[in-house]
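Chemist: Structure incoming, see below.
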Amino acid sequence: MTHATVLDAEAAYALWAANYPARAHNPVMQAEERVMLAMLPGDLHGQSILDAGCGSGRYLLHAQRRGASRLTGIDASQAMLGRAATELAHIGDATGLRLVAGSVMDLPVADAVSDITICGLVLGHVPGLARALGELARATRPGGYILCSDFHPIGHALGWLRDFRLDGHRYAARHFPHLYSHWHQACVAAGLVIEEVHEPMLDPADIPAGAHFDPAALSVPVALAFRLRRAF
């Protein structure tokens with residue numbers, strides 16, 4: 001396998017955005033998305049949804065399809081926000097969609113604006129898990145929920161990268177592994193109650209024929225996903 005050039009997240013997504021669809025486009029994302037959507041209520045009418053680290057907008061699309069009344073997407077990558085604007089252009093007027101540049105470490109929203117906050121496969125891009133969860137909690141109303149996922153730390157231990165190819169080159173976004181103990185400590189500090197934890201495995205049916213991958217990926221979890229409730 002060719003060597004990957006590791007970039008910080010913003011630089012990586014500046015390159016990746018043009019080819020990054022608003023859907024789960026690999027087996028790891030498909031495994032992660034199944035458990036995230038299982039935790040997301042089927043009826044979101046009247047609900048305000050914040051997607052922190054919205055990327056190209058896949059969870060905003062899911063929320064809109066379930067009837068969410070207000071949608072806000074935040075991302076640190078201007079390139080990914082541009083991709084999201086294109087992917088979600090058809091729903092903007094119907095949902096009061098707002099796409100805003102900002103970091104999960106300092107969300108540009110008022111306190112308690114969201115009924116449900118989504119943060120999918122984002123927090124591995126930042127070293128400060130406690131600060132990021134504190135910001136997610138601040139943005140969520142008391143009693144509201146945060147649905148949060150990240151790549152499983154076992155993948156980092158096995159040497160897996162968040163990589164992509166462009167013009168014959170292999171790139172990877174820098175990743176910071178967060179152990180379950182780190183999540184637990186950060187949730188306590190942020191006043192978040194862990195109500196569900198999932199460790200999804202790959203579905204062999206999602207793996208394309210002829211794909212090159214680590215066989216260990218079929219025997220270990222590939223993601224961590226949480227439903228967190230803001231207690232106060």
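Following the order of the structure tokens, chains are lettered A, B, ..., residues in each are numbered from 1, and ligands are numbered from 1.
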Show me, as a VMD selection string, the residues that have an atom within 8 Å of Phe176 (chain A) when counting only C-alpha atoms, minus same-chain residues fewer than 3 positions from it.
Modeler: chain A and resid 124 to 127
Chemist: Would you export the selected residues with C-alpha atoms as a compact mmCIF listing (two decimals), in the first residue's frame, please?
Modeler:
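Contents of the output file part-v1.txt:
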# COMPACT_ATOMS: atom_id res chain seq x y z
CA GLY A 124 -11.40 12.21 16.38
CA HIS A 125 -10.27 15.29 14.48
CA VAL A 126 -9.73 17.25 17.71
CA PRO A 127 -7.46 16.44 20.66
Chemist: Which residues come within 7 Å of Ala190 (chain A), counting only C-alpha atoms, excluding same-chain residues fewer than 4 positions away, as an NGL selection string?
Modeler: :A and (133-134 or 137 or 186)
Chemist: Write a file of the just-selected residues containing N, CA, C and O atoms, as a PDB file, in the first residue's frame.
Modeler:
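And here's part.pdb as it stands now:
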ATOM      1  N   LEU A 133     -17.097  18.117  23.951  1.00  0.00           N
ATOM      2  CA  LEU A 133     -18.352  17.644  24.529  1.00  0.00           C
ATOM      3  C   LEU A 133     -19.013  18.724  25.378  1.00  0.00           C
ATOM      4  O   LEU A 133     -20.239  18.816  25.425  1.00  0.00           O
ATOM      5  N   GLY A 134     -18.217  19.543  26.040  1.00  0.00           N
ATOM      6  CA  GLY A 134     -18.778  20.670  26.774  1.00  0.00           C
ATOM      7  C   GLY A 134     -19.513  21.628  25.863  1.00  0.00           C
ATOM      8  O   GLY A 134     -20.589  22.150  26.205  1.00  0.00           O
ATOM      9  N   ALA A 137     -22.780  20.014  24.735  1.00  0.00           N
ATOM     10  CA  ALA A 137     -23.752  20.097  25.823  1.00  0.00           C
ATOM     11  C   ALA A 137     -24.323  21.505  25.943  1.00  0.00           C
ATOM     12  O   ALA A 137     -25.540  21.690  26.121  1.00  0.00           O
ATOM     13  N   ALA A 186     -15.135  12.846  30.185  1.00  0.00           N
ATOM     14  CA  ALA A 186     -15.575  14.092  29.559  1.00  0.00           C
ATOM     15  C   ALA A 186     -17.078  14.293  29.710  1.00  0.00           C
ATOM     16  O   ALA A 186     -17.554  15.424  29.885  1.00  0.00           O
TER      17      ALA A 186
END
Chemist: Using only C-alpha atoms, which residue out of A:Gly67, A:His156, A:Asp106, A:Val193 lies closest to Val220 (chain A)?
Modeler: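 Using only C-alpha atoms, Val220 (chain A) sits closest to A:His156.
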Chemist: Near Ile118 (chain A), counting only C-alpha atoms, which residues have an atom at most 8 Å away, once you skip same-chain residues fewer than 4 positions from it, shown as a list in words?
Modeler: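 The contact residues come out as Ile49, Leu50, Asp51, Ala52, Tyr59, Ile146, Leu147 and Cys148 of chain A.
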Chemist: I need the residues of region 10-210 of chain A that end up classed as helix (DSSP H, G or I) by DSSP on the backbone, written out as a PyMOL selection string.
Modeler: chain A and resi 10-19+27-39+58-65+78-87+89-95+123-125+129-139+153-157+180-190+204-206
Chemist: List as a list in words the protein and nucleic acid residues near Leu97 (chain A), meaning an atom at most 10 Å away when only C-alpha atoms are counted, but skip any in the same chain fewer than 3 places from it.
Modeler: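 Final neighbour list, sorted by chain and number: Ile49, Leu60, Gln64, Ser69, Arg70, Leu71, Thr72, Gly73, Ala85, Leu88, Ala89, Ile91, Gly92, Asp93, Ala94 and Val100 of chain A.
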Chemist: Using only N, CA and C atoms, please write the residues we just selected to a file, as a PDB file, in the first residue's frame.
Modeler:
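Writing done, so here's out-v7.pdb:
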ATOM      1  N   ILE A  49     -32.584  20.710  15.073  1.00  0.00           N
ATOM      2  CA  ILE A  49     -31.453  19.795  14.964  1.00  0.00           C
ATOM      3  C   ILE A  49     -30.192  20.584  14.639  1.00  0.00           C
ATOM      4  N   LEU A  60     -27.932  15.937   8.176  1.00  0.00           N
ATOM      5  CA  LEU A  60     -28.951  16.960   7.967  1.00  0.00           C
ATOM      6  C   LEU A  60     -30.010  16.456   6.988  1.00  0.00           C
ATOM      7  N   GLN A  64     -33.942  15.996   7.879  1.00  0.00           N
ATOM      8  CA  GLN A  64     -34.981  16.637   7.067  1.00  0.00           C
ATOM      9  C   GLN A  64     -36.009  15.599   6.608  1.00  0.00           C
ATOM     10  N   SER A  69     -37.850  20.516  11.934  1.00  0.00           N
ATOM     11  CA  SER A  69     -38.367  21.848  11.600  1.00  0.00           C
ATOM     12  C   SER A  69     -37.277  22.870  11.364  1.00  0.00           C
ATOM     13  N   ARG A  70     -36.161  22.739  12.092  1.00  0.00           N
ATOM     14  CA  ARG A  70     -35.065  23.696  11.966  1.00  0.00           C
ATOM     15  C   ARG A  70     -33.753  22.923  11.924  1.00  0.00           C
ATOM     16  N   LEU A  71     -32.927  23.241  10.964  1.00  0.00           N
ATOM     17  CA  LEU A  71     -31.666  22.532  10.762  1.00  0.00           C
ATOM     18  C   LEU A  71     -30.518  23.523  10.742  1.00  0.00           C
ATOM     19  N   THR A  72     -29.495  23.247  11.536  1.00  0.00           N
ATOM     20  CA  THR A  72     -28.283  24.052  11.523  1.00  0.00           C
ATOM     21  C   THR A  72     -27.090  23.124  11.359  1.00  0.00           C
ATOM     22  N   GLY A  73     -26.250  23.408  10.390  1.00  0.00           N
ATOM     23  CA  GLY A  73     -25.026  22.644  10.185  1.00  0.00           C
ATOM     24  C   GLY A  73     -23.819  23.532  10.401  1.00  0.00           C
ATOM     25  N   ALA A  85     -23.855  22.894   0.997  1.00  0.00           N
ATOM     26  CA  ALA A  85     -24.799  23.848   0.403  1.00  0.00           C
ATOM     27  C   ALA A  85     -25.334  23.331  -0.920  1.00  0.00           C
ATOM     28  N   LEU A  88     -27.664  20.169  -0.202  1.00  0.00           N
ATOM     29  CA  LEU A  88     -28.892  20.462   0.537  1.00  0.00           C
ATOM     30  C   LEU A  88     -29.668  21.642  -0.046  1.00  0.00           C
ATOM     31  N   ALA A  89     -29.286  22.098  -1.231  1.00  0.00           N
ATOM     32  CA  ALA A  89     -29.916  23.303  -1.792  1.00  0.00           C
ATOM     33  C   ALA A  89     -31.430  23.160  -1.915  1.00  0.00           C
ATOM     34  N   ILE A  91     -33.540  21.798   0.099  1.00  0.00           N
ATOM     35  CA  ILE A  91     -34.321  21.768   1.335  1.00  0.00           C
ATOM     36  C   ILE A  91     -34.203  23.067   2.136  1.00  0.00           C
ATOM     37  N   GLY A  92     -33.405  24.008   1.684  1.00  0.00           N
ATOM     38  CA  GLY A  92     -33.113  25.186   2.497  1.00  0.00           C
ATOM     39  C   GLY A  92     -34.339  25.965   2.933  1.00  0.00           C
ATOM     40  N   ASP A  93     -35.232  26.293   2.010  1.00  0.00           N
ATOM     41  CA  ASP A  93     -36.387  27.118   2.341  1.00  0.00           C
ATOM     42  C   ASP A  93     -37.379  26.373   3.233  1.00  0.00           C
ATOM     43  N   ALA A  94     -37.452  25.054   3.062  1.00  0.00           N
ATOM     44  CA  ALA A  94     -38.450  24.277   3.796  1.00  0.00           C
ATOM     45  C   ALA A  94     -38.086  24.089   5.266  1.00  0.00           C
ATOM     46  N   VAL A 100     -23.099  27.156   8.840  1.00  0.00           N
ATOM     47  CA  VAL A 100     -22.256  28.152   9.487  1.00  0.00           C
ATOM     48  C   VAL A 100     -20.850  27.600   9.657  1.00  0.00           C
TER      49      VAL A 100
END
Chemist: Report the distance between CA of Pro208 (chain A) and CA of Ala14 (chain A) in Å, rounded to one decimal place.
Modeler: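 About the pair CA of Pro208 (chain A) and CA of Ala14 (chain A): they are 26.6 Å apart.
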Chemist: With distances taken over only C-alpha atoms, which of A:Ala216, A:Met105, A:Leu40, A:Ala132 is nearest to Ile154 (chain A)?
Modeler: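 The closest residue to Ile154 (chain A) is A:Ala216.
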Chemist: Using only C-alpha atoms for the distances, tell me which of A:Trp183, A:Tyr171, A:Phe151, A:Trp160 is nearest to Asp214 (chain A).
Modeler: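 Smallest separation from Asp214 (chain A) among the options: A:Trp160.
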Chemist: Using only C-alpha atoms, which protein or nucleic acid residues come within 10 Å of Leu224 (chain A)? Drop anything in the same chain fewer than 5 positions from it, and give the result as a list in words.
Modeler: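 The contact residues come out as Glu32, Val35, Met36, Leu121, Cys148, Ser149, Asp150, Phe151, His152, Pro153, His178, Leu179, Tyr180, Val197, His198, Glu199, Pro200 and Met201 of chain A.
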Chemist: Next, the residues of the selection above should be written as a compact mmCIF listing (two decimals), in the first residue's frame with all heavy atoms.
Modeler:
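Result file follows (out_17.txt):
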# COMPACT_ATOMS: atom_id res chain seq x y z
N GLU A 32 -21.44 2.71 11.06
CA GLU A 32 -21.68 3.81 12.00
C GLU A 32 -23.06 4.40 11.81
O GLU A 32 -23.79 4.68 12.78
CB GLU A 32 -20.60 4.88 11.79
CG GLU A 32 -20.77 6.15 12.59
CD GLU A 32 -21.47 7.27 11.82
OE1 GLU A 32 -21.68 7.12 10.61
OE2 GLU A 32 -21.81 8.27 12.46
N VAL A 35 -26.26 2.53 13.37
CA VAL A 35 -26.57 2.69 14.79
C VAL A 35 -26.96 4.13 15.11
O VAL A 35 -27.81 4.36 15.98
CB VAL A 35 -25.40 2.22 15.69
CG1 VAL A 35 -25.15 0.73 15.50
CG2 VAL A 35 -24.14 3.01 15.46
N MET A 36 -26.38 5.11 14.42
CA MET A 36 -26.77 6.50 14.65
C MET A 36 -28.23 6.73 14.26
O MET A 36 -28.99 7.39 15.01
CB MET A 36 -25.85 7.43 13.88
CG MET A 36 -24.43 7.51 14.44
SD MET A 36 -24.30 8.51 15.94
CE MET A 36 -24.24 10.17 15.22
N LEU A 121 -18.65 11.19 13.52
CA LEU A 121 -17.28 10.94 13.03
C LEU A 121 -16.48 12.24 12.96
O LEU A 121 -15.76 12.48 11.98
CB LEU A 121 -17.32 10.24 11.67
CG LEU A 121 -18.04 8.89 11.63
CD1 LEU A 121 -17.98 8.31 10.22
CD2 LEU A 121 -17.44 7.90 12.62
N CYS A 148 -23.61 10.98 19.10
CA CYS A 148 -22.20 11.24 18.84
C CYS A 148 -21.51 9.96 18.42
O CYS A 148 -21.75 8.90 19.02
CB CYS A 148 -21.57 11.79 20.12
SG CYS A 148 -20.21 12.91 19.84
N SER A 149 -20.66 10.03 17.42
CA SER A 149 -19.91 8.84 17.00
C SER A 149 -18.48 9.22 16.65
O SER A 149 -18.17 10.37 16.37
CB SER A 149 -20.57 8.17 15.79
OG SER A 149 -20.48 9.01 14.65
N ASP A 150 -17.63 8.22 16.68
CA ASP A 150 -16.24 8.40 16.26
C ASP A 150 -15.72 7.05 15.81
O ASP A 150 -16.30 6.00 16.10
CB ASP A 150 -15.39 8.94 17.41
CG ASP A 150 -14.05 9.51 16.94
OD1 ASP A 150 -13.89 9.72 15.72
OD2 ASP A 150 -13.18 9.72 17.79
N PHE A 151 -14.61 7.07 15.08
CA PHE A 151 -13.95 5.82 14.74
C PHE A 151 -13.45 5.17 16.01
O PHE A 151 -12.97 5.83 16.94
CB PHE A 151 -12.81 6.07 13.75
CG PHE A 151 -13.30 6.46 12.38
CD1 PHE A 151 -13.39 7.79 12.01
CD2 PHE A 151 -13.70 5.49 11.48
CE1 PHE A 151 -13.86 8.15 10.76
CE2 PHE A 151 -14.18 5.83 10.23
CZ PHE A 151 -14.26 7.16 9.87
N HIS A 152 -13.55 3.86 16.07
CA HIS A 152 -13.18 3.14 17.28
C HIS A 152 -11.68 3.23 17.51
O HIS A 152 -10.89 3.11 16.56
CB HIS A 152 -13.60 1.67 17.17
CG HIS A 152 -13.77 1.00 18.49
ND1 HIS A 152 -12.69 0.63 19.26
CD2 HIS A 152 -14.88 0.64 19.19
CE1 HIS A 152 -13.12 0.06 20.37
NE2 HIS A 152 -14.46 0.05 20.36
N PRO A 153 -11.24 3.45 18.76
CA PRO A 153 -9.80 3.56 19.01
C PRO A 153 -9.02 2.31 18.66
O PRO A 153 -7.80 2.38 18.43
CB PRO A 153 -9.71 3.88 20.50
CG PRO A 153 -11.03 3.47 21.07
CD PRO A 153 -12.03 3.68 19.98
N HIS A 178 -9.80 8.47 21.00
CA HIS A 178 -10.39 8.73 22.30
C HIS A 178 -10.92 7.42 22.87
O HIS A 178 -11.85 6.82 22.30
CB HIS A 178 -11.52 9.76 22.18
CG HIS A 178 -11.10 11.07 21.60
ND1 HIS A 178 -10.03 11.80 22.11
CD2 HIS A 178 -11.58 11.78 20.54
CE1 HIS A 178 -9.89 12.91 21.39
NE2 HIS A 178 -10.81 12.92 20.44
N LEU A 179 -10.36 6.97 23.97
CA LEU A 179 -10.79 5.74 24.61
C LEU A 179 -12.13 5.94 25.31
O LEU A 179 -12.53 7.06 25.61
CB LEU A 179 -9.75 5.28 25.63
CG LEU A 179 -8.32 5.08 25.10
CD1 LEU A 179 -7.41 4.62 26.23
CD2 LEU A 179 -8.30 4.09 23.95
N TYR A 180 -12.81 4.82 25.60
CA TYR A 180 -14.09 4.92 26.30
C TYR A 180 -13.92 5.63 27.63
O TYR A 180 -14.79 6.43 28.03
CB TYR A 180 -14.72 3.54 26.52
CG TYR A 180 -16.02 3.65 27.28
CD1 TYR A 180 -17.19 4.03 26.63
CD2 TYR A 180 -16.06 3.42 28.65
CE1 TYR A 180 -18.38 4.17 27.33
CE2 TYR A 180 -17.25 3.57 29.35
CZ TYR A 180 -18.40 3.93 28.69
OH TYR A 180 -19.57 4.08 29.39
N VAL A 197 -24.55 3.07 24.41
CA VAL A 197 -23.24 2.95 23.79
C VAL A 197 -23.31 1.80 22.79
O VAL A 197 -23.82 0.72 23.11
CB VAL A 197 -22.13 2.65 24.81
CG1 VAL A 197 -20.76 2.62 24.10
CG2 VAL A 197 -22.11 3.66 25.93
N HIS A 198 -22.82 2.04 21.59
CA HIS A 198 -22.80 1.00 20.56
C HIS A 198 -21.40 0.88 19.97
O HIS A 198 -20.69 1.90 19.82
CB HIS A 198 -23.79 1.33 19.45
CG HIS A 198 -25.22 1.43 19.92
ND1 HIS A 198 -26.05 0.34 20.00
CD2 HIS A 198 -25.93 2.49 20.36
CE1 HIS A 198 -27.23 0.73 20.46
NE2 HIS A 198 -27.18 2.04 20.70
N GLU A 199 -21.01 -0.31 19.63
CA GLU A 199 -19.73 -0.59 18.99
C GLU A 199 -20.00 -1.42 17.73
O GLU A 199 -19.82 -2.63 17.71
CB GLU A 199 -18.79 -1.33 19.94
CG GLU A 199 -18.39 -0.53 21.16
CD GLU A 199 -17.47 -1.30 22.09
OE1 GLU A 199 -17.97 -2.22 22.77
OE2 GLU A 199 -16.26 -1.01 22.10
N PRO A 200 -20.45 -0.77 16.66
CA PRO A 200 -20.85 -1.52 15.47
C PRO A 200 -19.69 -2.22 14.78
O PRO A 200 -18.56 -1.74 14.77
CB PRO A 200 -21.46 -0.44 14.57
CG PRO A 200 -20.83 0.83 15.02
CD PRO A 200 -20.63 0.68 16.50
N MET A 201 -20.03 -3.36 14.20
CA MET A 201 -19.09 -4.14 13.40
C MET A 201 -19.41 -3.93 11.92
O MET A 201 -20.52 -3.52 11.55
CB MET A 201 -19.23 -5.63 13.74
CG MET A 201 -19.17 -5.97 15.21
SD MET A 201 -17.50 -6.03 15.87
CE MET A 201 -16.91 -7.56 15.15
Chemist: Leaving out Ala18 (chain A) and any residue of its chain fewer than 6 positions from it, which residues lie within 9 Å of it when counting only C-alpha atoms, given as a short mmCIF file (atom, residue, chain, number, x, y, z; two decimals) with N, CA and C atoms, in the first residue's frame?
Modeler:
data_model
loop_
_atom_site.label_atom_id
_atom_site.label_comp_id
_atom_site.auth_asym_id
_atom_site.auth_seq_id
_atom_site.Cartn_x
_atom_site.Cartn_y
_atom_site.Cartn_z
N ALA A 79 -14.69 24.30 2.52
CA ALA A 79 -14.90 23.47 1.34
C ALA A 79 -16.05 22.48 1.56
N MET A 80 -16.11 21.88 2.76
CA MET A 80 -17.19 20.94 3.04
C MET A 80 -18.53 21.67 3.20
N ARG A 83 -19.81 22.10 -0.17
CA ARG A 83 -20.39 20.86 -0.67
C ARG A 83 -21.77 20.63 -0.07
#
Chemist: Which neighbours of Pro27 (chain A) fall inside 8 Å, counting only C-alpha atoms, when residues of the same chain fewer than 6 positions from it are skipped, and could you give them as a PDB file with all heavy atoms, in the first residue's frame?
Modeler:
ATOM      1  N   LEU A 202     -18.443  -4.231  11.089  1.00  0.00           N
ATOM      2  CA  LEU A 202     -18.688  -4.190   9.653  1.00  0.00           C
ATOM      3  C   LEU A 202     -19.678  -5.283   9.258  1.00  0.00           C
ATOM      4  O   LEU A 202     -19.675  -6.379   9.816  1.00  0.00           O
ATOM      5  CB  LEU A 202     -17.392  -4.419   8.879  1.00  0.00           C
ATOM      6  CG  LEU A 202     -16.325  -3.333   8.871  1.00  0.00           C
ATOM      7  CD1 LEU A 202     -15.207  -3.725   7.911  1.00  0.00           C
ATOM      8  CD2 LEU A 202     -16.899  -1.982   8.487  1.00  0.00           C
ATOM      9  N   ASP A 203     -20.505  -4.975   8.283  1.00  0.00           N
ATOM     10  CA  ASP A 203     -21.350  -5.967   7.635  1.00  0.00           C
ATOM     11  C   ASP A 203     -20.596  -6.435   6.390  1.00  0.00           C
ATOM     12  O   ASP A 203     -20.325  -5.629   5.490  1.00  0.00           O
ATOM     13  CB  ASP A 203     -22.687  -5.345   7.248  1.00  0.00           C
ATOM     14  CG  ASP A 203     -23.644  -6.361   6.641  1.00  0.00           C
ATOM     15  OD1 ASP A 203     -23.183  -7.440   6.203  1.00  0.00           O
ATOM     16  OD2 ASP A 203     -24.858  -6.063   6.592  1.00  0.00           O
ATOM     17  N   ASP A 206     -21.422  -5.169   2.963  1.00  0.00           N
ATOM     18  CA  ASP A 206     -21.100  -3.804   2.533  1.00  0.00           C
ATOM     19  C   ASP A 206     -19.744  -3.698   1.850  1.00  0.00           C
ATOM     20  O   ASP A 206     -19.423  -2.658   1.268  1.00  0.00           O
ATOM     21  CB  ASP A 206     -21.102  -2.860   3.741  1.00  0.00           C
ATOM     22  CG  ASP A 206     -22.482  -2.637   4.327  1.00  0.00           C
ATOM     23  OD1 ASP A 206     -23.469  -2.772   3.578  1.00  0.00           O
ATOM     24  OD2 ASP A 206     -22.572  -2.332   5.532  1.00  0.00           O
ATOM     25  N   ILE A 207     -18.930  -4.738   1.953  1.00  0.00           N
ATOM     26  CA  ILE A 207     -17.565  -4.668   1.429  1.00  0.00           C
ATOM     27  C   ILE A 207     -17.570  -5.001  -0.063  1.00  0.00           C
ATOM     28  O   ILE A 207     -17.995  -6.091  -0.464  1.00  0.00           O
ATOM     29  CB  ILE A 207     -16.642  -5.630   2.198  1.00  0.00           C
ATOM     30  CG1 ILE A 207     -16.611  -5.243   3.685  1.00  0.00           C
ATOM     31  CG2 ILE A 207     -15.233  -5.607   1.607  1.00  0.00           C
ATOM     32  CD1 ILE A 207     -15.885  -6.237   4.564  1.00  0.00           C
TER      33      ILE A 207
END
Chemist: Would you mind telling me which residue in A:Leu136, A:Ala110, A:Ala231, A:Ala130 lies nearest to Gly191 (chain A) when using only C-alpha atoms?
Modeler: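 Answer, going by the shortest atom-to-atom distance: A:Ala231.
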Chemist: Kindly indicate which residue among A:Ala63, A:Arg98, A:Ala22, A:Ala12 lies nearest to Met39 (chain A), using only C-alpha atoms for the distances.
Modeler: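 Looking at the shortest contact to Met39 (chain A), the residue is A:Ala63.
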Chemist: Name the closest residue to Gln47 (chain A) among the candidates A:Arg141, A:His90, A:Arg229, A:Arg131; distances are taken between atoms, counting only C-alpha atoms.
Modeler: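 Closest to Gln47 (chain A) of all the choices is A:Arg141.
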Chemist: Can you pull out every residue from region 102-199 of chain A that DSSP, working from the backbone, puts in strand (DSSP E or B), and format the result as a compact mmCIF listing (two decimals) with N, CA, C and O atoms, in the first residue's frame?
Modeler:
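Dumped everything to result19.txt:
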# COMPACT_ATOMS: atom_id res chain seq x y z
N SER A 103 -15.93 25.83 14.62
CA SER A 103 -15.29 24.65 15.19
C SER A 103 -16.15 24.03 16.26
O SER A 103 -16.85 24.73 17.02
N ASP A 106 -15.64 25.44 19.66
CA ASP A 106 -16.18 26.77 20.00
C ASP A 106 -17.36 27.02 19.07
O ASP A 106 -17.27 27.83 18.14
N SER A 114 -30.58 23.65 20.54
CA SER A 114 -30.88 22.41 19.84
C SER A 114 -31.66 21.44 20.72
O SER A 114 -31.37 21.28 21.90
N ASP A 115 -32.65 20.77 20.12
CA ASP A 115 -33.33 19.66 20.81
C ASP A 115 -32.49 18.39 20.72
O ASP A 115 -32.37 17.64 21.68
N ILE A 116 -31.93 18.17 19.54
CA ILE A 116 -31.04 17.03 19.32
C ILE A 116 -29.82 17.53 18.57
O ILE A 116 -29.94 18.17 17.52
N THR A 117 -28.65 17.24 19.11
CA THR A 117 -27.40 17.60 18.46
C THR A 117 -26.73 16.33 17.94
O THR A 117 -26.66 15.33 18.65
N ILE A 118 -26.29 16.38 16.70
CA ILE A 118 -25.62 15.25 16.06
C ILE A 118 -24.16 15.62 15.82
O ILE A 118 -23.86 16.75 15.41
N CYS A 119 -23.28 14.68 16.08
CA CYS A 119 -21.86 14.91 15.84
C CYS A 119 -21.27 13.58 15.37
O CYS A 119 -20.87 12.74 16.18
N GLY A 120 -21.26 13.37 14.07
CA GLY A 120 -20.90 12.09 13.51
C GLY A 120 -19.49 12.05 12.95
O GLY A 120 -19.16 12.78 12.01
N THR A 140 -27.05 22.26 23.46
CA THR A 140 -28.23 21.39 23.54
C THR A 140 -29.08 21.79 24.75
O THR A 140 -28.55 22.06 25.83
N ARG A 141 -30.39 21.81 24.57
CA ARG A 141 -31.27 22.22 25.68
C ARG A 141 -31.20 21.19 26.81
O ARG A 141 -30.96 20.00 26.57
N PRO A 142 -31.42 21.61 28.04
CA PRO A 142 -31.51 20.66 29.15
C PRO A 142 -32.57 19.60 28.86
O PRO A 142 -33.69 19.91 28.44
N GLY A 143 -32.21 18.35 29.05
CA GLY A 143 -33.10 17.24 28.71
C GLY A 143 -32.98 16.79 27.28
O GLY A 143 -33.53 15.74 26.90
N GLY A 144 -32.26 17.55 26.44
CA GLY A 144 -32.07 17.17 25.05
C GLY A 144 -30.98 16.13 24.89
O GLY A 144 -30.30 15.74 25.84
N TYR A 145 -30.81 15.68 23.65
CA TYR A 145 -29.91 14.57 23.37
C TYR A 145 -28.79 14.96 22.42
O TYR A 145 -28.95 15.83 21.57
N ILE A 146 -27.67 14.28 22.59
CA ILE A 146 -26.55 14.37 21.66
C ILE A 146 -26.30 12.96 21.14
O ILE A 146 -26.10 12.02 21.91
N LEU A 147 -26.31 12.81 19.83
CA LEU A 147 -25.94 11.55 19.19
C LEU A 147 -24.55 11.75 18.61
O LEU A 147 -24.34 12.60 17.73
N CYS A 148 -23.61 10.98 19.10
CA CYS A 148 -22.20 11.24 18.84
C CYS A 148 -21.51 9.96 18.42
O CYS A 148 -21.75 8.90 19.02
N SER A 149 -20.66 10.03 17.42
CA SER A 149 -19.91 8.84 17.00
C SER A 149 -18.48 9.22 16.65
O SER A 149 -18.17 10.37 16.37
N ASP A 150 -17.63 8.22 16.68
CA ASP A 150 -16.24 8.40 16.26
C ASP A 150 -15.72 7.05 15.81
O ASP A 150 -16.30 6.00 16.10
N PHE A 151 -14.61 7.07 15.08
CA PHE A 151 -13.95 5.82 14.74
C PHE A 151 -13.45 5.17 16.01
O PHE A 151 -12.97 5.83 16.94
N ARG A 162 -7.81 7.48 8.27
CA ARG A 162 -8.97 8.08 7.61
C ARG A 162 -8.46 8.66 6.30
O ARG A 162 -8.12 9.84 6.19
N ASP A 163 -8.37 7.81 5.31
CA ASP A 163 -7.63 8.17 4.10
C ASP A 163 -8.51 8.23 2.86
O ASP A 163 -9.63 7.75 2.83
N PHE A 164 -7.96 8.85 1.83
CA PHE A 164 -8.63 8.97 0.54
C PHE A 164 -7.57 9.15 -0.53
O PHE A 164 -6.41 9.46 -0.23
N ARG A 165 -7.97 8.96 -1.77
CA ARG A 165 -7.05 9.11 -2.89
C ARG A 165 -7.51 10.25 -3.79
O ARG A 165 -8.69 10.44 -4.01
N LEU A 166 -6.53 10.98 -4.30
CA LEU A 166 -6.81 12.09 -5.19
C LEU A 166 -5.65 12.24 -6.16
O LEU A 166 -4.50 12.37 -5.74
N HIS A 169 -2.57 10.22 -5.59
CA HIS A 169 -1.91 10.34 -4.29
C HIS A 169 -2.85 9.87 -3.19
O HIS A 169 -4.08 9.96 -3.30
N ARG A 170 -2.27 9.38 -2.10
CA ARG A 170 -3.03 8.93 -0.94
C ARG A 170 -2.81 9.92 0.19
O ARG A 170 -1.68 10.24 0.55
N TYR A 171 -3.93 10.40 0.74
CA TYR A 171 -3.90 11.35 1.84
C TYR A 171 -4.69 10.79 3.02
O TYR A 171 -5.57 9.93 2.85
N ALA A 172 -4.41 11.30 4.20
CA ALA A 172 -5.16 10.92 5.39
C ALA A 172 -5.36 12.14 6.27
O ALA A 172 -4.48 13.00 6.36
N ALA A 173 -6.52 12.19 6.91
CA ALA A 173 -6.80 13.26 7.88
C ALA A 173 -6.26 12.82 9.24
O ALA A 173 -6.48 11.69 9.67
N LEU A 192 -23.27 15.33 31.07
CA LEU A 192 -23.94 14.47 30.10
C LEU A 192 -24.08 13.06 30.66
O LEU A 192 -23.12 12.49 31.21
N VAL A 193 -25.27 12.49 30.50
CA VAL A 193 -25.53 11.12 30.93
C VAL A 193 -25.42 10.21 29.72
O VAL A 193 -26.06 10.44 28.69
N ILE A 194 -24.59 9.18 29.82
CA ILE A 194 -24.45 8.20 28.75
C ILE A 194 -25.63 7.23 28.85
O ILE A 194 -25.73 6.44 29.79
N GLU A 195 -26.55 7.28 27.88
CA GLU A 195 -27.72 6.42 27.91
C GLU A 195 -27.60 5.20 27.01
O GLU A 195 -28.22 4.17 27.30
N GLU A 196 -26.83 5.32 25.94
CA GLU A 196 -26.60 4.16 25.07
C GLU A 196 -25.17 4.23 24.56
O GLU A 196 -24.65 5.33 24.31
N VAL A 197 -24.55 3.07 24.41
CA VAL A 197 -23.24 2.95 23.79
C VAL A 197 -23.31 1.80 22.79
O VAL A 197 -23.82 0.72 23.11
N HIS A 198 -22.82 2.04 21.59
CA HIS A 198 -22.80 1.00 20.56
C HIS A 198 -21.40 0.88 19.97
O HIS A 198 -20.69 1.90 19.82
Chemist: Tell me, in Å to one decimal, how far CA of Glu10 (chain A) is from CA of Leu158 (chain A).
Modeler: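 Between CA of Glu10 (chain A) and CA of Leu158 (chain A) the gap is 24.1 Å.
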Chemist: What does the structure give for the distance between CA of Ala24 (chain A) and CA of Arg174 (chain A), in Å to one decimal?
Modeler: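 Rounded to one decimal, the two atoms are 19.8 Å apart.
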